[in-house]
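Trainee: I have a structure here, written as structure tokens, and I will follow up with some questions on it.
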Amino acid sequence: MAYTLKKEILLNAPKKEVWETYRDKLTHMVDAMATVDSIIVISREEIKEGVLLKNRWNISGGVPKAIKRVVPQKLLSYDDEARWHEKEYICYFTEKPIDGSEIYICKGQNDFVELGEQTLLTISFELTIYPEKIPGVPSFIAKGIVPKIEQLISKEVAKNLAATAKVVEKFINSK
């Protein structure tokens, strides 16, 4: 069973700038992100609706010990495939570990809504961990702990998303 989370973040920056910064400039802000080692653009394609973007995220710093104990380091690097719909200002994304294990999948969307000179960013996602794919753990044990792991990881992801939003806001306002 998947764990679902929704987070609203109010940014003191115009919607168009927030949108373009998230889509095009995150790779320039890695040094300001406590948990991110690198973001590498794997592919970018202009499409009728907007942009298809595939980025590889490498995470390590700032990951809580509780997560490091349960999640192998190689699972903290993931490919983020995003479809940026220009008209609606919605980005649909899917994240999967780069090691091909398919131990989890995270699907969601980012909605960017203009509120005067501010932007309301709503991030919603669903994280599913597949217990039968956890190496070295009997499935009956894995099934019992997966809901707790999904919840723990989702809450950490939400914290990191909020921190990233503040980095984006600071980047925009420092120009």
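Residue numbering restarts at 1 in every chain; chains get A, B, ... in the order shown in the structure tokens, and ligands count up from 1 in that same order.
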Taking the chain letters and numbering used in this document, name the residues of segment 39-133 of chain A that DSSP puts in strand (DSSP E or B), as a PyMOL selection string.
Mentor: chain A and resi 39-46+50-59+77-85+90-97+104-115+118-129
Trainee: Please produce, as CSV, a per-residue contact table for segment 114-141 of chain A versus segment 92-107 of chain A (criterion: any atom at most 10 Å away, only C-alpha atoms considered), showing the nearest atom pair and its distance in Å to one decimal, sorted by chain then residue number.
Mentor:
```
residue,atom,partner,partner_atom,distance
A:Ile123,CA,A:Tyr92,CA,9.9
A:Ser124,CA,A:Lys107,CA,8.5
A:Phe125,CA,A:Lys107,CA,5.4
A:Glu126,CA,A:Lys107,CA,5.4
A:Leu127,CA,A:Cys106,CA,4.4
A:Thr128,CA,A:Ile105,CA,5.4
A:Ile129,CA,A:Tyr104,CA,4.2
A:Tyr130,CA,A:Ile103,CA,5.3
A:Pro131,CA,A:Ile103,CA,7.4
A:Glu132,CA,A:Ile103,CA,8.2
A:Lys133,CA,A:Ile103,CA,5.3
A:Ile134,CA,A:Ile103,CA,6.4
A:Pro135,CA,A:Ile103,CA,9.2
```
Trainee: Return the single residue from A:Ile145, A:Ile59, A:Ala82, A:Leu11 that is closest to Val41 of chain A, with distances computed using only C-alpha atoms.
Mentor: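 Of the candidates, the smallest distance to Val41 of chain A is held by A:Ala82.
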Trainee: Residues at most 9 Å from Lys155 of chain A, counting only C-alpha atoms, excluding those fewer than 5 positions away in the same chain, as an mmCIF file with C-alpha atoms, in the first residue's frame?
Mentor:
```cif
data_model
loop_
_atom_site.group_PDB
_atom_site.id
_atom_site.type_symbol
_atom_site.label_atom_id
_atom_site.label_comp_id
_atom_site.auth_asym_id
_atom_site.auth_seq_id
_atom_site.Cartn_x
_atom_site.Cartn_y
_atom_site.Cartn_z
ATOM 1 C CA LEU A 5 1.573 13.080 1.075
ATOM 2 C CA GLU A 150 7.139 4.694 3.479
ATOM 3 C CA ASN A 160 13.597 18.269 1.700
#
```
Trainee: Which residues are close to Glu169 of chain A, i.e. within 8 Å by only C-alpha atoms, leaving aside same-chain residues fewer than 5 positions away? Reply as a list of chain:residue names.
Mentor: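 Everything that qualifies: A:Leu11, A:Asn12, A:Ala13, A:Val18.
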Trainee: Which residue gives the smallest distance to Ala32 of chain A among A:Leu121, A:Val113, A:Leu52, A:Val168, with only C-alpha atoms counted?
Mentor: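 For Ala32 of chain A, the nearest of the given residues is A:Val168.
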Trainee: Check the smallest atom-to-atom distance from each of A:Leu53, A:Leu161, A:Gly136, A:Gly116 to Pro14 of chain A using only C-alpha atoms, then report the winner.
Mentor: A:Gly116
Trainee: Can you pull out every residue within 8 Å of Glu49 of chain A, counting only C-alpha atoms, but drop anything in the same chain fewer than 2 positions away, and send it as a ChimeraX atom specification?
Mentor: /A:47,51,84-87
Trainee: Please provide as an MDAnalysis selection string all residues within 6 Å of Asn110 of chain A, with the sequence filter that same-chain residues fewer than 3 positions apart are discarded (counting only C-alpha atoms).
Mentor: chainID A and resid 90:91 122:123
Trainee: Would you mind exporting the chosen residues as a compact mmCIF listing (two decimals), in the first residue's frame, restricted to N, CA, C and O atoms?
Mentor:
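And here is the file that came out, again_21.txt:
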```txt
# COMPACT_ATOMS: atom_id res chain seq x y z
N ILE A 90 1.66 22.81 -14.25
CA ILE A 90 1.69 21.57 -13.48
C ILE A 90 2.83 20.71 -14.00
O ILE A 90 3.00 20.55 -15.21
N CYS A 91 3.58 20.15 -13.09
CA CYS A 91 4.65 19.22 -13.43
C CYS A 91 4.30 17.85 -12.85
O CYS A 91 4.12 17.72 -11.64
N THR A 122 2.12 23.49 -4.60
CA THR A 122 1.53 22.32 -3.94
C THR A 122 2.20 21.09 -4.53
O THR A 122 2.14 20.85 -5.73
N ILE A 123 2.86 20.35 -3.65
CA ILE A 123 3.55 19.13 -4.05
C ILE A 123 2.78 17.95 -3.47
O ILE A 123 2.58 17.88 -2.26
```
Trainee: Could you please determine the separation between atom CA of Thr119 of chain A and atom CA of Lys6 of chain A in Å, to one decimal place?
Mentor: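 Between atom CA of Thr119 of chain A and atom CA of Lys6 of chain A the gap works out to 16.2 Å.
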Trainee: For a quick check of understanding, using only C-alpha atoms, which of A:Tyr89, A:Phe171, A:Trp57, A:Tyr3 has the smallest distance to Lys25 of chain A?
Mentor: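 Under the stated criterion, the closest residue is A:Phe171.
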Trainee: Give the answer as one residue: which of A:Thr4, A:Ser139, A:Ser38, A:Asn55 has the shortest atom-to-atom distance to Asp24 of chain A, using only C-alpha atoms?
Mentor: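 Of all the options, A:Asn55 lies closest to Asp24 of chain A.
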Trainee: Atom CA of Ile149 of chain A to atom CA of Ser77 of chain A: how many Å, to one decimal?
Mentor: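 Between these atoms lies a distance of 17.0 Å.
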